[in-house]
Amino acid sequence: MNTMHIVVVYSVQLFVCTVGIVGFLKYKQLINPLKFLEWYVICSLANDILIDIMVYNKIRTLWVWQCFAVFELFIFIKIFNSWYSSRRYTSLIWAAYYFYLIFWIVGKFSFEPFTSSDVYSETVSQVIQIGFGSWILLSLLQDSKINWKTDPRLWVVSGIVLYAITTFFIFGMFEVLWVSSHHIVRVLWMINNVFILIQYIFFLRAFLCNPANTGITNISQTTHKE
């Protein structure tokens, strides 16, 4: 990893830390989905620190990333379900998560062990995030009373979906690209960090929203009853 890569990676980590601090300072004022998001940010920081320590000590880190991916999807589903709690949506999104979890476990003992990248299970996770996140966004688009500038649902879900879309290709084709060109992978990894930064800008904006000033009295209520 050259100097530029190091600067970019640690700059993004510093910004993520800043977002975590903002969320921590506003924690008591946050609604439950944003509290879930704050815990995700904290755990993401802890995960990055652990990986940095392991890399410094020349210890394999793939298994850490893979375990964190399971936690990440769980938190995102908790957030999605908090903002769209219809019976059909709840049944489908948790069924999708359990499918992913079974797929992930089977993969660890067969086609996707801890010694290789989570190419297939990560792709499944991205599809779940894109599909169910887009479901929420489409529902929000149909609500004319939403204040788009201050509604945290828009910022959080858009951040999750945008990052899932942009990384779908990177994770889905990682092994193929790594074999064909290490240089392309390094470039894509830089692009990945840029989109992480964009995602956390969205998260920061969500933490700065005040639901009490948007006319949203209970943000856990869905925009459409089913």
# chains A, B, ... in the order shown; residues from 1 in each chain; ligands from 1
call {"tool": "residues_around", "arguments": {"residues": "Val19 in chain A", "least_positions_apart": "6", "cutoff": "8 Å", "atoms": "only C-alpha atoms", "output": "PyMOL selection string"}}
result
chain A and resi 41+200+203-204
call {"tool": "residues_around", "arguments": {"residues": "range 157-167 of chain A", "least_positions_apart": "4", "cutoff": "7 Å", "atoms": "only C-alpha atoms", "output": "list in words"}}
result
Gln126, Gln129, Ile130, Gly133, Arg153, Phe171, Asn192, Phe195, Ile196, Gln199, Phe202 and Phe203 of chain A
call {"tool": "write_last_selection", "arguments": {"atoms": "all heavy atoms", "output": "mmCIF file, in the first residue's frame"}}
result
data_model
loop_
_atom_site.group_PDB
_atom_site.id
_atom_site.type_symbol
_atom_site.label_atom_id
_atom_site.label_comp_id
_atom_site.auth_asym_id
_atom_site.auth_seq_id
_atom_site.Cartn_x
_atom_site.Cartn_y
_atom_site.Cartn_z
ATOM 1 N N GLN A 126 -25.441 -7.550 -0.453
ATOM 2 C CA GLN A 126 -25.655 -6.312 -1.206
ATOM 3 C C GLN A 126 -27.033 -6.302 -1.863
ATOM 4 O O GLN A 126 -27.730 -5.279 -1.860
ATOM 5 C CB GLN A 126 -24.569 -6.159 -2.283
ATOM 6 C CG GLN A 126 -23.139 -6.146 -1.780
ATOM 7 C CD GLN A 126 -22.809 -4.922 -0.950
ATOM 8 O OE1 GLN A 126 -23.527 -3.942 -0.968
ATOM 9 N NE2 GLN A 126 -21.712 -4.981 -0.226
ATOM 10 N N GLN A 129 -29.667 -5.528 0.756
ATOM 11 C CA GLN A 129 -29.641 -4.108 1.114
ATOM 12 C C GLN A 129 -30.264 -3.241 0.030
ATOM 13 O O GLN A 129 -31.048 -2.330 0.315
ATOM 14 C CB GLN A 129 -28.198 -3.672 1.373
ATOM 15 C CG GLN A 129 -27.566 -4.292 2.597
ATOM 16 C CD GLN A 129 -26.096 -3.970 2.713
ATOM 17 O OE1 GLN A 129 -25.671 -2.831 2.520
ATOM 18 N NE2 GLN A 129 -25.279 -4.960 3.032
ATOM 19 N N ILE A 130 -29.913 -3.518 -1.215
ATOM 20 C CA ILE A 130 -30.445 -2.732 -2.331
ATOM 21 C C ILE A 130 -31.953 -2.935 -2.470
ATOM 22 O O ILE A 130 -32.719 -1.969 -2.603
ATOM 23 C CB ILE A 130 -29.737 -3.118 -3.648
ATOM 24 C CG1 ILE A 130 -28.258 -2.723 -3.596
ATOM 25 C CG2 ILE A 130 -30.418 -2.444 -4.843
ATOM 26 C CD1 ILE A 130 -27.426 -3.313 -4.720
ATOM 27 N N GLY A 133 -33.892 -1.753 0.884
ATOM 28 C CA GLY A 133 -33.693 -0.319 1.049
ATOM 29 C C GLY A 133 -34.451 0.464 -0.006
ATOM 30 O O GLY A 133 -35.084 1.484 0.288
ATOM 31 N N ARG A 153 -34.680 9.225 7.599
ATOM 32 C CA ARG A 153 -34.894 7.991 6.848
ATOM 33 C C ARG A 153 -34.256 8.069 5.473
ATOM 34 O O ARG A 153 -33.603 7.133 5.014
ATOM 35 C CB ARG A 153 -36.400 7.705 6.716
ATOM 36 C CG ARG A 153 -37.089 7.358 8.011
ATOM 37 C CD ARG A 153 -38.581 7.220 7.829
ATOM 38 N NE ARG A 153 -39.202 8.500 7.509
ATOM 39 C CZ ARG A 153 -40.522 8.700 7.456
ATOM 40 N NH1 ARG A 153 -41.346 7.695 7.664
ATOM 41 N NH2 ARG A 153 -41.018 9.887 7.173
ATOM 42 N N PHE A 171 -17.136 -6.288 -4.990
ATOM 43 C CA PHE A 171 -17.103 -7.533 -4.230
ATOM 44 C C PHE A 171 -17.479 -8.738 -5.092
ATOM 45 O O PHE A 171 -16.957 -9.828 -4.905
ATOM 46 C CB PHE A 171 -18.032 -7.437 -3.018
ATOM 47 C CG PHE A 171 -17.502 -6.536 -1.942
ATOM 48 C CD1 PHE A 171 -18.049 -5.282 -1.731
ATOM 49 C CD2 PHE A 171 -16.441 -6.923 -1.145
ATOM 50 C CE1 PHE A 171 -17.565 -4.441 -0.742
ATOM 51 C CE2 PHE A 171 -15.937 -6.093 -0.161
ATOM 52 C CZ PHE A 171 -16.507 -4.854 0.040
ATOM 53 N N ASN A 192 -13.670 2.542 -3.523
ATOM 54 C CA ASN A 192 -14.479 2.029 -2.423
ATOM 55 C C ASN A 192 -14.396 2.946 -1.205
ATOM 56 O O ASN A 192 -15.410 3.246 -0.563
ATOM 57 C CB ASN A 192 -14.000 0.618 -2.054
ATOM 58 C CG ASN A 192 -14.742 0.051 -0.863
ATOM 59 O OD1 ASN A 192 -15.941 -0.194 -0.924
ATOM 60 N ND2 ASN A 192 -14.035 -0.152 0.243
ATOM 61 N N PHE A 195 -16.521 6.038 -1.628
ATOM 62 C CA PHE A 195 -17.946 5.808 -1.408
ATOM 63 C C PHE A 195 -18.254 5.546 0.076
ATOM 64 O O PHE A 195 -19.363 5.830 0.533
ATOM 65 C CB PHE A 195 -18.447 4.673 -2.289
ATOM 66 C CG PHE A 195 -18.699 5.102 -3.702
ATOM 67 C CD1 PHE A 195 -17.870 4.700 -4.734
ATOM 68 C CD2 PHE A 195 -19.765 5.937 -3.995
ATOM 69 C CE1 PHE A 195 -18.100 5.119 -6.045
ATOM 70 C CE2 PHE A 195 -20.007 6.362 -5.292
ATOM 71 C CZ PHE A 195 -19.168 5.954 -6.319
ATOM 72 N N ILE A 196 -17.296 5.017 0.811
ATOM 73 C CA ILE A 196 -17.472 4.912 2.267
ATOM 74 C C ILE A 196 -17.607 6.313 2.852
ATOM 75 O O ILE A 196 -18.461 6.576 3.713
ATOM 76 C CB ILE A 196 -16.279 4.174 2.917
ATOM 77 C CG1 ILE A 196 -16.302 2.691 2.556
ATOM 78 C CG2 ILE A 196 -16.319 4.337 4.450
ATOM 79 C CD1 ILE A 196 -15.091 1.916 3.064
ATOM 80 N N GLN A 199 -21.004 7.663 2.076
ATOM 81 C CA GLN A 199 -22.001 7.017 2.928
ATOM 82 C C GLN A 199 -22.027 7.648 4.318
ATOM 83 O O GLN A 199 -23.098 7.935 4.866
ATOM 84 C CB GLN A 199 -21.710 5.521 3.048
ATOM 85 C CG GLN A 199 -22.740 4.770 3.888
ATOM 86 C CD GLN A 199 -22.376 3.316 4.096
ATOM 87 O OE1 GLN A 199 -21.275 3.014 4.539
ATOM 88 N NE2 GLN A 199 -23.291 2.413 3.769
ATOM 89 N N PHE A 202 -23.705 10.967 4.530
ATOM 90 C CA PHE A 202 -25.150 10.767 4.650
ATOM 91 C C PHE A 202 -25.524 10.429 6.099
ATOM 92 O O PHE A 202 -26.516 10.946 6.623
ATOM 93 C CB PHE A 202 -25.604 9.643 3.713
ATOM 94 C CG PHE A 202 -25.812 10.071 2.286
ATOM 95 C CD1 PHE A 202 -24.902 10.882 1.639
ATOM 96 C CD2 PHE A 202 -26.914 9.631 1.574
ATOM 97 C CE1 PHE A 202 -25.084 11.266 0.315
ATOM 98 C CE2 PHE A 202 -27.112 10.012 0.242
ATOM 99 C CZ PHE A 202 -26.195 10.831 -0.376
ATOM 100 N N PHE A 203 -24.752 9.562 6.729
ATOM 101 C CA PHE A 203 -25.030 9.181 8.116
ATOM 102 C C PHE A 203 -24.902 10.382 9.047
ATOM 103 O O PHE A 203 -25.703 10.561 9.972
ATOM 104 C CB PHE A 203 -24.076 8.073 8.561
ATOM 105 C CG PHE A 203 -24.319 6.732 7.916
ATOM 106 C CD1 PHE A 203 -23.385 5.698 8.054
ATOM 107 C CD2 PHE A 203 -25.457 6.487 7.171
ATOM 108 C CE1 PHE A 203 -23.603 4.456 7.469
ATOM 109 C CE2 PHE A 203 -25.687 5.237 6.574
ATOM 110 C CZ PHE A 203 -24.752 4.234 6.722
#
call {"tool": "atom_distance", "arguments": {"atom1": "CA of Ile201 in chain A", "atom2": "CA of Ile31 in chain A"}}
result
18.7 Å
call {"tool": "closest_residue", "arguments": {"among": "A:Tyr40, A:Trp63, A:Tyr56, A:Phe74", "to": "Val16 in chain A", "atoms": "only C-alpha atoms"}}
result
A:Tyr40
call {"tool": "atom_distance", "arguments": {"atom1": "CA of Ser125 in chain A", "atom2": "CA of Met54 in chain A"}}
result
25.2 Å
call {"tool": "atom_distance", "arguments": {"atom1": "CA of Gln66 in chain A", "atom2": "CA of Asp118 in chain A"}}
result
6.6 Å
call {"tool": "residues_around", "arguments": {"residues": "Pro152 in chain A", "least_positions_apart": "3", "cutoff": "9 Å", "atoms": "only C-alpha atoms", "output": "VMD selection string"}}
result
chain A and resid 34 148 to 149 155 to 157 203 205 to 211
call {"tool": "write_last_selection", "arguments": {"atoms": "C-alpha atoms", "output": "mmCIF file, in the first residue's frame"}}
result
data_model
loop_
_atom_site.group_PDB
_atom_site.id
_atom_site.type_symbol
_atom_site.label_atom_id
_atom_site.label_comp_id
_atom_site.auth_asym_id
_atom_site.auth_seq_id
_atom_site.Cartn_x
_atom_site.Cartn_y
_atom_site.Cartn_z
ATOM 1 C CA LEU A 34 -30.403 6.109 14.622
ATOM 2 C CA TRP A 148 -36.570 15.756 2.271
ATOM 3 C CA LYS A 149 -33.964 18.047 3.836
ATOM 4 C CA TRP A 155 -30.287 10.003 4.469
ATOM 5 C CA VAL A 156 -29.655 6.689 6.215
ATOM 6 C CA VAL A 157 -31.381 4.408 3.709
ATOM 7 C CA PHE A 203 -25.030 9.181 8.116
ATOM 8 C CA ARG A 205 -26.554 14.337 8.027
ATOM 9 C CA ALA A 206 -29.011 11.871 9.544
ATOM 10 C CA PHE A 207 -27.544 12.360 13.030
ATOM 11 C CA LEU A 208 -27.974 16.109 12.617
ATOM 12 C CA CYS A 209 -31.670 15.768 11.766
ATOM 13 C CA ASN A 210 -34.198 16.539 14.478
ATOM 14 C CA PRO A 211 -37.382 14.455 13.926
#
call {"tool": "residues_around", "arguments": {"residues": "Glu122 in chain A", "least_positions_apart": "5", "cutoff": "10 Å", "atoms": "only C-alpha atoms", "output": "PDB file with C-alpha atoms, in the first residue's frame"}}
result
ATOM      1  CA  GLN A  66     -16.473 -11.850   7.197  1.00  0.00           C
ATOM      2  CA  ALA A  69     -20.454  -8.564   7.504  1.00  0.00           C
ATOM      3  CA  VAL A  70     -23.017 -10.722   9.341  1.00  0.00           C
ATOM      4  CA  LEU A  73     -26.478  -6.788   7.607  1.00  0.00           C
ATOM      5  CA  TYR A 100     -28.078 -15.097   3.974  1.00  0.00           C
ATOM      6  CA  TRP A 104     -22.821 -17.718   4.898  1.00  0.00           C
ATOM      7  CA  SER A 117     -12.967 -13.575   0.200  1.00  0.00           C
ATOM      8  CA  VAL A 127     -28.746  -7.530  -3.064  1.00  0.00           C
ATOM      9  CA  ILE A 128     -30.736  -7.632   0.195  1.00  0.00           C
ATOM     10  CA  ALA A 164     -24.388  -1.330  -1.705  1.00  0.00           C
ATOM     11  CA  THR A 167     -19.693  -1.964  -4.212  1.00  0.00           C
ATOM     12  CA  PHE A 168     -21.793  -4.681  -5.828  1.00  0.00           C
ATOM     13  CA  PHE A 171     -17.103  -7.533  -4.230  1.00  0.00           C
ATOM     14  CA  GLY A 172     -18.828  -9.631  -6.877  1.00  0.00           C
TER      15      GLY A 172
END
